[in-house]
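Next up, run-v2.txt (compact mmCIF, C-alpha atoms and all ligand atoms):
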# COMPACT_ATOMS: atom_id res chain seq x y z
CA MET A 1 -1.91 -22.55 35.32
CA ARG A 2 -1.18 -19.09 33.92
CA SER A 3 -2.67 -16.19 35.86
CA HIS A 4 -3.22 -12.55 34.97
CA ALA A 5 -4.02 -9.75 37.39
CA ILE A 6 -6.66 -7.45 35.94
CA ALA A 7 -7.82 -4.14 37.43
CA ALA A 8 -11.43 -3.46 36.41
CA ILE A 9 -12.62 0.15 36.48
CA PRO A 10 -16.26 0.13 35.34
CA ALA A 11 -16.76 3.85 36.24
CA ASP A 12 -19.85 5.64 34.90
CA GLY A 13 -23.14 5.19 33.02
CA ILE A 14 -23.23 1.96 31.01
CA GLY A 15 -19.59 1.30 31.98
CA PRO A 16 -20.56 -1.02 34.87
CA GLU A 17 -23.13 -2.82 32.65
CA VAL A 18 -20.68 -3.65 29.86
CA ILE A 19 -17.73 -4.38 32.17
CA SER A 20 -19.68 -6.85 34.31
CA ALA A 21 -20.78 -8.53 31.06
CA GLY A 22 -17.13 -8.65 29.96
CA LEU A 23 -15.99 -10.13 33.26
CA ARG A 24 -18.65 -12.81 32.96
CA VAL A 25 -17.29 -13.70 29.52
CA LEU A 26 -13.68 -13.75 30.78
CA ALA A 27 -14.71 -16.10 33.60
CA ALA A 28 -16.38 -18.38 31.03
CA LEU A 29 -13.20 -18.42 28.95
CA ALA A 30 -11.08 -19.32 31.97
CA GLN A 31 -13.50 -22.12 32.82
CA ARG A 32 -13.55 -23.42 29.24
CA LEU A 33 -9.79 -23.31 28.70
CA GLY A 34 -8.84 -24.61 32.14
CA ASP A 35 -5.19 -23.52 32.03
CA VAL A 36 -5.58 -19.77 32.58
CA ARG A 37 -6.91 -17.70 35.46
CA PHE A 38 -7.92 -14.05 35.70
CA ASP A 39 -7.51 -12.46 39.11
CA VAL A 40 -9.82 -9.47 38.85
CA GLU A 41 -10.00 -6.62 41.32
CA THR A 42 -12.72 -4.03 40.73
CA PHE A 43 -12.23 -0.36 41.64
CA GLY A 44 -15.19 1.92 42.27
CA TRP A 45 -13.59 5.02 40.82
CA GLY A 46 -15.47 7.52 38.66
CA SER A 47 -18.18 10.13 39.11
CA ASP A 48 -19.66 8.57 42.28
CA HIS A 49 -16.21 8.68 43.84
CA TYR A 50 -15.97 12.31 42.69
CA ARG A 51 -19.29 13.24 44.31
CA LYS A 52 -18.16 11.71 47.60
CA HIS A 53 -14.49 12.68 47.67
CA GLY A 54 -14.04 15.50 45.13
CA VAL A 55 -11.69 13.41 42.99
CA MET A 56 -12.30 10.72 40.37
CA MET A 57 -9.71 8.36 41.86
CA PRO A 58 -7.51 8.33 44.97
CA ALA A 59 -4.14 10.11 44.89
CA ASP A 60 -2.33 6.76 44.92
CA GLY A 61 -4.55 5.37 42.13
CA LEU A 62 -1.75 4.99 39.59
CA ALA A 63 0.55 3.35 42.15
CA THR A 64 -2.22 0.83 42.86
CA LEU A 65 -2.85 0.11 39.17
CA LYS A 66 0.85 -0.29 38.42
CA THR A 67 0.93 -3.70 40.09
CA PHE A 68 -1.63 -5.17 37.62
CA ASP A 69 -1.01 -6.85 34.27
CA ALA A 70 -3.81 -4.95 32.52
CA ILE A 71 -6.62 -2.49 33.13
CA TYR A 72 -10.17 -3.17 31.92
CA PHE A 73 -12.00 0.14 31.74
CA GLY A 74 -15.69 1.04 31.20
CA ALA A 75 -16.41 4.69 30.50
CA VAL A 76 -16.48 8.04 32.25
CA GLY A 77 -19.01 10.83 32.03
CA ALA A 78 -22.02 11.92 34.08
CA PRO A 79 -24.70 14.54 33.44
CA ASP A 80 -23.87 16.46 36.61
CA VAL A 81 -20.05 16.46 36.42
CA PRO A 82 -18.22 18.49 33.74
CA ASP A 83 -16.76 16.23 31.01
CA HIS A 84 -13.29 17.74 31.33
CA VAL A 85 -13.31 16.80 35.04
CA THR A 86 -14.27 13.17 34.44
CA LEU A 87 -11.86 12.75 31.54
CA TRP A 88 -8.87 14.51 33.07
CA GLY A 89 -9.60 13.00 36.48
CA LEU A 90 -9.42 9.33 35.51
CA ARG A 91 -8.94 8.17 31.95
CA LEU A 92 -6.30 10.60 30.72
CA PRO A 93 -4.10 10.37 33.86
CA ILE A 94 -3.97 6.60 33.34
CA CYS A 95 -3.17 6.85 29.61
CA GLN A 96 -0.57 9.55 30.13
CA GLY A 97 0.79 8.34 33.49
CA PHE A 98 1.45 4.89 32.06
CA ASP A 99 2.70 6.28 28.75
CA GLN A 100 0.14 4.25 26.80
CA TYR A 101 1.13 6.10 23.68
CA ALA A 102 -0.37 3.73 21.13
CA ASN A 103 -4.14 3.63 20.99
CA VAL A 104 -5.20 0.81 18.71
CA ARG A 105 -8.72 0.74 17.29
CA PRO A 106 -9.70 -2.16 15.02
CA THR A 107 -12.85 -1.79 12.92
CA ARG A 108 -14.56 -4.56 11.01
CA ILE A 109 -18.12 -5.27 9.98
CA LEU A 110 -19.04 -8.27 12.09
CA PRO A 111 -21.28 -11.00 10.60
CA GLY A 112 -24.99 -10.31 10.93
CA ILE A 113 -24.55 -6.54 11.15
CA THR A 114 -26.04 -4.34 8.44
CA PRO A 115 -23.78 -1.31 8.12
CA PRO A 116 -25.21 2.08 7.15
CA LEU A 117 -23.40 2.20 3.79
CA ARG A 118 -25.31 0.35 1.09
CA HIS A 119 -22.15 -0.35 -0.94
CA CYS A 120 -20.44 -1.97 2.02
CA GLY A 121 -20.80 -5.48 3.47
CA PRO A 122 -18.80 -7.77 5.76
CA GLY A 123 -15.21 -7.90 4.51
CA ASP A 124 -15.36 -4.53 2.77
CA LEU A 125 -14.24 -2.61 5.78
CA ASP A 126 -11.28 -3.92 7.75
CA TRP A 127 -9.21 -1.19 9.33
CA VAL A 128 -7.01 -0.57 12.31
CA ILE A 129 -6.74 3.04 13.39
CA VAL A 130 -3.62 3.88 15.40
CA ARG A 131 -4.17 6.95 17.51
CA GLU A 132 -1.27 8.91 19.01
CA ASN A 133 -2.29 8.81 22.65
CA SER A 134 0.26 10.78 24.65
CA GLU A 135 0.52 14.30 23.23
CA GLY A 136 -0.81 16.31 20.31
CA GLU A 137 -4.02 18.22 20.85
CA TYR A 138 -4.68 16.53 24.22
CA SER A 139 -1.42 17.54 25.85
CA GLY A 140 -3.36 19.80 28.22
CA HIS A 141 -1.34 22.91 27.36
CA GLY A 142 -2.97 26.26 26.78
CA GLY A 143 -4.89 28.62 28.96
CA ARG A 144 -7.34 31.43 29.27
CA ALA A 145 -6.47 35.08 29.68
CA HIS A 146 -8.86 37.84 30.74
CA LYS A 147 -11.39 35.23 31.80
CA GLY A 148 -14.99 36.38 31.37
CA LEU A 149 -14.00 39.74 29.88
CA PRO A 150 -14.83 40.83 26.33
CA GLU A 151 -11.15 40.54 25.39
CA GLU A 152 -10.88 36.97 26.71
CA VAL A 153 -8.51 34.66 24.83
CA GLY A 154 -8.44 30.88 25.10
CA THR A 155 -5.59 28.84 23.66
CA GLU A 156 -5.51 25.09 23.12
CA VAL A 157 -1.94 24.13 22.31
CA ALA A 158 -1.14 20.97 20.37
CA ILE A 159 2.30 19.60 21.14
CA PHE A 160 4.15 17.25 18.81
CA THR A 161 7.59 16.01 19.73
CA ARG A 162 10.04 14.20 17.46
CA VAL A 163 10.22 11.36 20.00
CA GLY A 164 6.42 11.14 20.26
CA VAL A 165 5.75 11.22 16.52
CA THR A 166 8.59 8.85 15.65
CA ARG A 167 7.50 6.20 18.12
CA ILE A 168 3.84 6.22 17.02
CA MET A 169 4.92 6.15 13.37
CA ARG A 170 7.17 3.12 14.02
CA TYR A 171 4.32 1.41 15.85
CA ALA A 172 1.89 2.09 12.98
CA PHE A 173 4.29 0.98 10.24
CA GLY A 174 5.07 -2.16 12.29
CA LEU A 175 1.37 -2.93 12.70
CA ALA A 176 0.73 -2.32 8.99
CA ARG A 177 3.58 -4.73 8.20
CA SER A 178 1.93 -7.43 10.35
CA ARG A 179 -1.33 -7.24 8.38
CA PRO A 180 -1.87 -8.98 5.03
CA ARG A 181 -2.20 -5.83 2.90
CA LYS A 182 0.83 -4.01 4.40
CA LEU A 183 -0.78 -0.64 3.73
CA LEU A 184 -0.62 2.48 5.91
CA THR A 185 -2.38 5.81 5.51
CA VAL A 186 -0.87 8.73 7.41
CA VAL A 187 -3.43 11.40 8.30
CA THR A 188 -2.64 15.06 9.03
CA LYS A 189 -3.89 18.56 8.38
CA SER A 190 -0.54 19.78 7.13
CA ASN A 191 -1.97 22.23 4.63
CA ALA A 192 -3.51 24.49 7.29
CA GLN A 193 -1.39 23.49 10.28
CA ARG A 194 2.14 24.15 9.09
CA HIS A 195 4.35 23.30 12.08
CA GLY A 196 3.73 20.09 14.01
CA MET A 197 1.69 18.62 11.17
CA VAL A 198 4.41 19.22 8.58
CA MET A 199 6.87 17.62 11.00
CA TRP A 200 4.47 14.66 11.24
CA ASP A 201 4.59 14.24 7.42
CA GLU A 202 8.39 14.50 7.38
CA ILE A 203 8.83 11.92 10.15
CA ALA A 204 6.41 9.57 8.37
CA ALA A 205 8.65 9.73 5.28
CA GLU A 206 11.75 9.07 7.42
CA VAL A 207 10.26 6.10 9.26
CA ALA A 208 8.89 4.70 5.97
CA GLN A 209 12.52 4.06 4.93
CA GLU A 210 12.73 1.49 7.74
CA PHE A 211 9.69 -0.33 6.32
CA PRO A 212 10.29 -0.67 2.57
CA ASP A 213 7.75 -3.51 2.38
CA VAL A 214 4.90 -1.29 3.63
CA ALA A 215 3.03 0.79 1.04
CA TRP A 216 1.94 4.12 2.48
CA ASP A 217 0.11 7.26 1.51
CA LYS A 218 -0.92 10.57 3.07
CA MET A 219 -4.36 12.08 3.58
CA LEU A 220 -5.68 15.33 4.98
CA VAL A 221 -8.14 14.58 7.75
CA ASP A 222 -11.14 16.24 6.12
CA ALA A 223 -10.64 14.33 2.88
CA MET A 224 -10.08 11.20 4.95
CA THR A 225 -13.71 11.25 6.17
CA VAL A 226 -14.80 11.19 2.52
CA ARG A 227 -12.45 8.33 1.62
CA MET A 228 -13.57 6.30 4.64
CA THR A 229 -17.18 6.72 3.57
CA LEU A 230 -16.89 6.33 -0.20
CA LYS A 231 -13.84 4.07 -0.66
CA PRO A 232 -13.59 1.99 2.51
CA ARG A 233 -11.80 -0.83 0.67
CA SER A 234 -8.89 1.45 -0.19
CA LEU A 235 -7.84 1.67 3.48
CA ASP A 236 -6.18 -0.75 5.89
CA THR A 237 -3.99 0.62 8.70
CA ILE A 238 -4.39 4.30 9.55
CA VAL A 239 -2.29 6.52 11.81
CA ALA A 240 -3.45 9.92 13.04
CA THR A 241 -3.05 12.41 15.86
CA ASN A 242 -4.84 12.20 19.18
CA LEU A 243 -7.72 14.46 18.08
CA HIS A 244 -7.99 13.39 14.45
CA ALA A 245 -7.99 9.68 15.30
CA ASP A 246 -10.48 10.25 18.11
CA ILE A 247 -12.93 11.66 15.58
CA LEU A 248 -12.11 9.26 12.73
CA SER A 249 -12.56 6.23 14.97
CA ASP A 250 -16.07 7.28 16.03
CA LEU A 251 -16.86 7.56 12.32
CA ALA A 252 -15.28 4.14 11.75
CA GLY A 253 -17.42 2.65 14.53
CA ALA A 254 -20.57 4.11 13.01
CA LEU A 255 -19.64 2.88 9.51
CA ALA A 256 -19.18 -0.62 10.96
CA GLY A 257 -22.70 -0.49 12.38
CA SER A 258 -22.54 1.05 15.86
CA LEU A 259 -20.29 2.68 18.40
CA GLY A 260 -21.44 -0.18 20.62
CA VAL A 261 -19.13 -2.65 18.85
CA ALA A 262 -15.98 -0.51 18.64
CA PRO A 263 -13.08 -1.49 20.94
CA THR A 264 -9.82 0.21 21.79
CA ALA A 265 -6.52 -0.69 23.42
CA ASN A 266 -4.29 1.89 25.10
CA ILE A 267 -0.91 0.24 24.80
CA ASP A 268 2.50 0.85 26.27
CA PRO A 269 4.43 -1.09 23.61
CA GLN A 270 7.53 -1.19 25.84
CA ARG A 271 5.47 -2.91 28.53
CA ARG A 272 6.88 -0.79 31.37
CA PHE A 273 3.33 -0.27 32.66
CA PRO A 274 -0.03 -2.00 32.42
CA SER A 275 -1.97 -1.26 29.24
CA MET A 276 -5.66 -0.33 29.34
CA PHE A 277 -8.54 -1.85 27.35
CA GLU A 278 -11.94 -0.19 26.90
CA PRO A 279 -14.84 0.31 24.53
CA ILE A 280 -14.55 3.48 22.42
CA HIS A 281 -17.97 4.67 23.50
CA GLY A 282 -18.73 6.85 26.50
CA SER A 283 -21.10 6.42 29.41
CA ALA A 284 -24.22 6.73 27.20
CA PHE A 285 -26.48 8.08 29.89
CA ASP A 286 -29.41 8.08 27.47
CA ILE A 287 -29.56 4.27 27.82
CA THR A 288 -28.00 3.74 31.26
CA GLY A 289 -29.88 1.27 33.47
CA LYS A 290 -32.11 0.03 30.64
CA GLY A 291 -30.21 -3.22 30.20
CA ILE A 292 -29.77 -2.65 26.45
CA ALA A 293 -26.17 -1.45 26.23
CA ASN A 294 -24.30 -3.36 23.55
CA PRO A 295 -21.56 -5.36 25.31
CA VAL A 296 -19.75 -6.34 22.10
CA ALA A 297 -17.21 -3.50 22.28
CA SER A 298 -16.29 -4.54 25.81
CA PHE A 299 -15.94 -8.18 24.65
CA TRP A 300 -13.83 -7.22 21.66
CA THR A 301 -11.53 -5.07 23.79
CA ALA A 302 -11.26 -8.02 26.21
CA ALA A 303 -9.98 -10.01 23.20
CA GLN A 304 -7.40 -7.27 22.58
CA MET A 305 -6.43 -7.56 26.26
CA LEU A 306 -6.03 -11.34 25.96
CA GLU A 307 -3.76 -10.89 22.91
CA HIS A 308 -1.68 -8.40 24.86
CA LEU A 309 -1.47 -10.76 27.85
CA GLY A 310 -0.10 -13.50 25.60
CA GLU A 311 -3.34 -15.51 25.39
CA PRO A 312 -3.95 -15.60 21.61
CA GLU A 313 -6.01 -18.78 21.79
CA ALA A 314 -8.43 -17.28 24.31
CA ALA A 315 -8.59 -14.09 22.23
CA ALA A 316 -9.39 -16.01 19.05
CA ARG A 317 -12.02 -18.12 20.79
CA LEU A 318 -13.69 -15.01 22.15
CA MET A 319 -13.74 -13.35 18.71
CA ARG A 320 -15.25 -16.48 17.15
CA ALA A 321 -17.90 -16.54 19.89
CA ILE A 322 -18.75 -12.86 19.29
CA GLU A 323 -19.03 -13.46 15.53
CA ARG A 324 -21.23 -16.49 15.99
CA VAL A 325 -23.62 -14.49 18.16
CA THR A 326 -23.81 -11.43 15.90
CA GLY A 327 -24.05 -13.76 12.91
CA ALA A 328 -27.07 -15.44 14.53
CA GLY A 329 -28.79 -12.05 14.69
CA ILE A 330 -28.61 -11.72 18.49
CA LEU A 331 -28.22 -7.94 18.43
CA THR A 332 -28.99 -5.07 20.79
CA PRO A 333 -31.25 -2.17 19.68
CA ASP A 334 -28.33 0.03 18.52
CA LEU A 335 -27.83 -2.62 15.80
CA GLY A 336 -31.53 -2.89 15.02
CA GLY A 337 -32.14 -5.94 17.22
CA THR A 338 -34.20 -6.57 20.33
CA ALA A 339 -31.69 -8.46 22.47
CA THR A 340 -30.67 -7.19 25.90
CA THR A 341 -27.15 -6.89 27.25
CA ARG A 342 -27.80 -10.09 29.16
CA ASP A 343 -29.10 -11.98 26.07
CA VAL A 344 -25.96 -11.14 24.11
CA THR A 345 -23.70 -11.97 27.06
CA GLU A 346 -25.31 -15.35 27.73
CA ALA A 347 -25.21 -16.20 24.02
CA VAL A 348 -21.48 -15.41 23.92
CA VAL A 349 -20.91 -17.48 27.08
CA ASP A 350 -22.79 -20.40 25.47
CA ALA A 351 -20.73 -20.06 22.30
CA ILE A 352 -17.50 -20.07 24.34
CA HIS A 353 -18.54 -23.35 25.94
CA SER A 354 -19.73 -24.96 22.72
CA SER A 355 -17.55 -27.72 21.34
CA ASN A 356 -17.53 -26.69 17.69
CA ILE A 357 -16.09 -23.21 17.95
P1 LIG B 1 -21.50 8.02 24.03
O1 LIG B 1 -20.48 7.18 23.35
O2 LIG B 1 -21.68 7.80 25.48
O3 LIG B 1 -22.91 7.83 23.31
C1 LIG B 1 -23.14 8.21 21.96
C2 LIG B 1 -24.39 7.48 21.44
O4 LIG B 1 -24.06 6.11 21.19
C3 LIG B 1 -25.55 7.47 22.44
O5 LIG B 1 -26.76 7.59 21.74
C4 LIG B 1 -25.44 6.12 23.09
O6 LIG B 1 -26.66 5.61 23.57
C5 LIG B 1 -24.88 5.25 21.97
N1 LIG B 1 -24.05 4.19 22.52
C6 LIG B 1 -22.79 4.30 23.01
N2 LIG B 1 -22.34 3.13 23.46
C7 LIG B 1 -23.33 2.23 23.26
C8 LIG B 1 -23.48 0.84 23.53
N3 LIG B 1 -22.49 0.12 24.10
N4 LIG B 1 -24.64 0.26 23.21
C9 LIG B 1 -25.63 0.94 22.63
N5 LIG B 1 -25.55 2.25 22.35
C10 LIG B 1 -24.42 2.89 22.67
O7 LIG B 1 -21.08 9.52 23.75
P2 LIG B 1 -21.72 10.88 24.30
O8 LIG B 1 -23.20 10.73 24.41
O9 LIG B 1 -21.13 11.96 23.48
O10 LIG B 1 -21.12 11.05 25.73
C11 LIG B 1 -21.73 10.63 26.95
C12 LIG B 1 -20.71 10.82 28.05
O11 LIG B 1 -19.62 9.91 27.85
C13 LIG B 1 -20.11 12.21 28.11
O12 LIG B 1 -19.99 12.56 29.46
C14 LIG B 1 -18.74 12.04 27.46
O13 LIG B 1 -17.79 12.95 27.92
C15 LIG B 1 -18.39 10.65 27.89
N6 LIG B 1 -17.41 9.95 27.03
C16 LIG B 1 -16.50 9.15 27.66
C17 LIG B 1 -15.63 8.39 26.91
C18 LIG B 1 -14.69 7.47 27.64
O14 LIG B 1 -14.86 7.22 28.81
N7 LIG B 1 -13.68 6.93 27.01
C19 LIG B 1 -15.67 8.41 25.53
C20 LIG B 1 -16.64 9.21 24.89
C21 LIG B 1 -17.51 9.98 25.67
MN MN B 2 -13.72 9.58 21.57
Could you render the structure from this file as C-alpha cells?
Amino acid sequence: MRSHAIAAIPADGIGPEVISAGLRVLAALAQRLGDVRFDVETFGWGSDHYRKHGVMMPADGLATLKTFDAIYFGAVGAPDVPDHVTLWGLRLPICQGFDQYANVRPTRILPGITPPLRHCGPGDLDWVIVRENSEGEYSGHGGRAHKGLPEEVGTEVAIFTRVGVTRIMRYAFGLARSRPRKLLTVVTKSNAQRHGMVMWDEIAAEVAQEFPDVAWDKMLVDAMTVRMTLKPRSLDTIVATNLHADILSDLAGALAGSLGVAPTANIDPQRRFPSMFEPIHGSAFDITGKGIANPVASFWTAAQMLEHLGEPEAAARLMRAIERVTGAGILTPDLGGTATTRDVTEAVVDAIHSSNI
C-alpha cells in the first residue's frame, strides 16, 4: 500500500466547499484503486484564524507543512480583511517559502462545456501556461514615501534574476518538449520594459539552444491576449512572468468556459519541499454558502497532485471521471447548468467507481 501525506488548507469563501468535495473524490479513488492511501490532515488557517489571532497561519506553519508530501489549498480572501493581508499572510509565504517557482496551469475545453468563443470547440484550445512563481512583479519589493501627502510616491519593484528566469525557462522548454506539439511561446513586455524583460528574452534564446527540438516564439503580453482569443489553436505551452501569467491564465480559464474549472500546481521541481495544488479562482464570496461552487477546478488540481505524487493511474482515472460528468451535462451554474457542488461531486464519485472508465 502506497501512502501520501496531504495537508489540506481549505481557507476562505468557497475554498472549504471545493476542498471537501475534492477530498471526497480522493477518498473514492483510494477506495476504488485499493493500493493507495491518502493521509489527510486539515488546517483551519485563513481569514477566521486571522480574526481570532491576527495572523493567517501560525508562526510555525511552514515547519508544519514541510513534513507533508503535498498541500491541497482552497482559496483566500474575505470581504472584511484586506486582500494583500490574506494573500501575503498565507498563500504567498507557502509558494515563496517552499520555492515553488513553477506554477503550472493547464487549460482545455472539457467535453460538454460551451466556451464563449463561437469559433472554438473541444480540442481547439489545449494550453499549459507556466507562470514564474517566485519573483518578478510579486517579489514584494517597493515602498511608499511621503504617505498620505500630496507628493506621495509608491513604487512596485519587479525583480528578475538570471537564476530565476533561467530555471523557469528550462522548466517551460522541458514541459513543451514533453507535449506532442513541442511548441513554446515566451511572453514579455520587452518593448516598454527594457531591463528585466529584455533579459527575459535573452535568456529564452539561450535556453532554447538546449532544446533544439522545441519550436518557440515570442509575444508581447498585450498582443498575447488577442492571439489567445482569435487564434487559440496557434498556442500550446506558454511561459510568462508572475503578473502576466496571473492575468493570462484567468483569461484562459474564461475562454475554456469558466474560472471554476481552471486548476493550478505550484511546483518545486527539485522536490526539496512539498508542492501546492489549488484552483486558480479565489474565495468567490458572491456565491459562498450557496452550494453551487464548481468543484471541477479542485478535482483537476487534485489530478495534478496525483501526477506529482507518482500516481499517474489515479490521475488519469480522475480526469476521465471529470470528463464523463461534464460530457453528460452535469454542470454548475457558472457553466450554464443547474447542478450543485454536491451533484457534480457525487457524479464524479460514481464515475470513479464505474467499471467502464
Ligand atoms: P474569484 O475567483 O473569487 O471570483 C471571480 C468570479 O468567478 C466570481 O463571480 C465567482 O463567483 C466566480 N467563480 C470563481 N470560482 C468559481 C467556482 N469554483 N464556481 C463558480 N463560480 C466561480 O475572484 P474575485 O471575486 O476577484 O476575488 C474574491 C476574493 O478571492 C478576493 O478576496 C481575492 O483577493 C481572492 N482571490 C484569491 C485567490 C487565491 O486564493 N489563490 C485567487 C484570486 C482571488
Ligand atoms: Mn490570479
Checklist line | atom CA of A:Val349 to atom CA of A:Lys290, straight-line distance in Å | finding: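 Calculated distance between atom CA of A:Lys290 and atom CA of A:Val349 is 21.1 Å.
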Margin query: To check your reading of the model: which residues sit at most 7 Å from ligand MN 2 (chain B) when counting all atoms listed in the file? Write the answer as a VMD selection string.
Written below: chain A and resid 246 to 247 250 280 to 281
Margin query: Using all atoms listed in the file, can you tell me which of A:Ser134, A:Ser139, A:Gln96, A:Thr86 comes closest to ligand LIG 1 (chain B)?
Written below: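 Using all atoms listed in the file, ligand LIG 1 (chain B) sits closest to A:Thr86.
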Check: Quick one: of A:Leu29, A:Met276, A:Val348, A:Leu92, who's nearest to A:Glu323, counting all atoms listed in the file?
Finding: A:Val348
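Taking only C-alpha atoms into account, A:Pro16 lies nearest to A:Pro279 out of the set A:Leu251, A:Met57, A:Ser190, A:Pro279.
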Next item on the list: May I have the residues within 8 Å of A:Asn103 as a list in words, using only C-alpha atoms and disregarding those fewer than 3 positions away in the same chain?
Entry: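 Listed by chain and then number, they are Gln100, Val130, Arg131, Glu132, Asn133, Thr264, Ala265, Asn266 and Ile267 of chain A.
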Check: Mind listing the residues within 9 Å of ligand LIG 1 (chain B), only C-alpha atoms and all ligand atoms counted, as a PyMOL selection string?
Finding: chain A and resi 11-15+18+73-79+81-84+86-87+90-91+250+258-262+278-288+292-298+332-335+341
Next item on the list: Find the residues around A:Gln304 up to 9 Å (all atoms listed in the file counted), leave out those fewer than 5 positions away in its own chain, and share them as a PyMOL selection string.
Entry: chain A and resi 263-265+277+299+309+315
Next item on the list: Go ahead and find all residues with at least one atom no further than 10 Å from (6.2, 5.1, 16.5) in the file's coordinates, using all atoms listed in the file; report them as a PyMOL selection string.
Entry: chain A and resi 101-102+130+132+162-174+203-204+207+239+269
Checklist line | Among listed residues A:Gly46, A:Gly291, A:Pro180, A:Gly310, nearest A:Ala215 (using all atoms listed in the file) | finding: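 So, comparing all the options, the nearest one is A:Pro180.
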Checklist line | Shortest interatomic distance to A:Arg105 - which of A:Ile159, A:Leu306, A:Met197, A:Leu175, counting all atoms listed in the file | finding: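 Of the candidates, the smallest distance to A:Arg105 is held by A:Leu175.
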Margin query: What's the separation between atom CA of A:Ser234 and atom CA of A:Ile113, in Å to one decimal place?
Written below: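 The value is 20.9 Å.
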Note to self: Please determine, counting all atoms listed in the file, which residue among A:Val128, A:Leu62, A:Cys120, A:Ala316 has the shortest atom-to-atom distance to A:Lys231.
What the structure shows: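 Looking only at the distances to A:Lys231, the closest residue turns out to be A:Cys120.
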Note to self: If I take atom CA of A:Arg317 and atom CA of A:Gly34, how far is one from the other in Å, to one decimal?
What the structure shows: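 That distance, rounded to one decimal, is 13.5 Å.
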Notebook entry, point to check: Excluding same-chain residues fewer than 2 positions from A:Arg342, what lies within 9 Å of it counting all atoms listed in the file, as a ChimeraX atom specification?
Noted result: /A:21,291-292,295,339-340,344-347
Notebook entry, point to check: At most 6 Å from (-0.9, 4.0, 5.9), file frame, only C-alpha atoms: which residues, as a PyMOL selection string?
Noted result: chain A and resi 183-186+216-217+237-238
Go ahead and write the residues just picked, C-alpha atoms, as a PDB file, keeping the file's coordinate frame.
ATOM      1  CA  LEU A 183      -0.780  -0.640   3.730  1.00  0.00           C
ATOM      2  CA  LEU A 184      -0.620   2.480   5.910  1.00  0.00           C
ATOM      3  CA  THR A 185      -2.380   5.810   5.510  1.00  0.00           C
ATOM      4  CA  VAL A 186      -0.870   8.730   7.410  1.00  0.00           C
ATOM      5  CA  TRP A 216       1.940   4.120   2.480  1.00  0.00           C
ATOM      6  CA  ASP A 217       0.110   7.260   1.510  1.00  0.00           C
ATOM      7  CA  THR A 237      -3.990   0.620   8.700  1.00  0.00           C
ATOM      8  CA  ILE A 238      -4.390   4.300   9.550  1.00  0.00           C
TER       9      ILE A 238
END
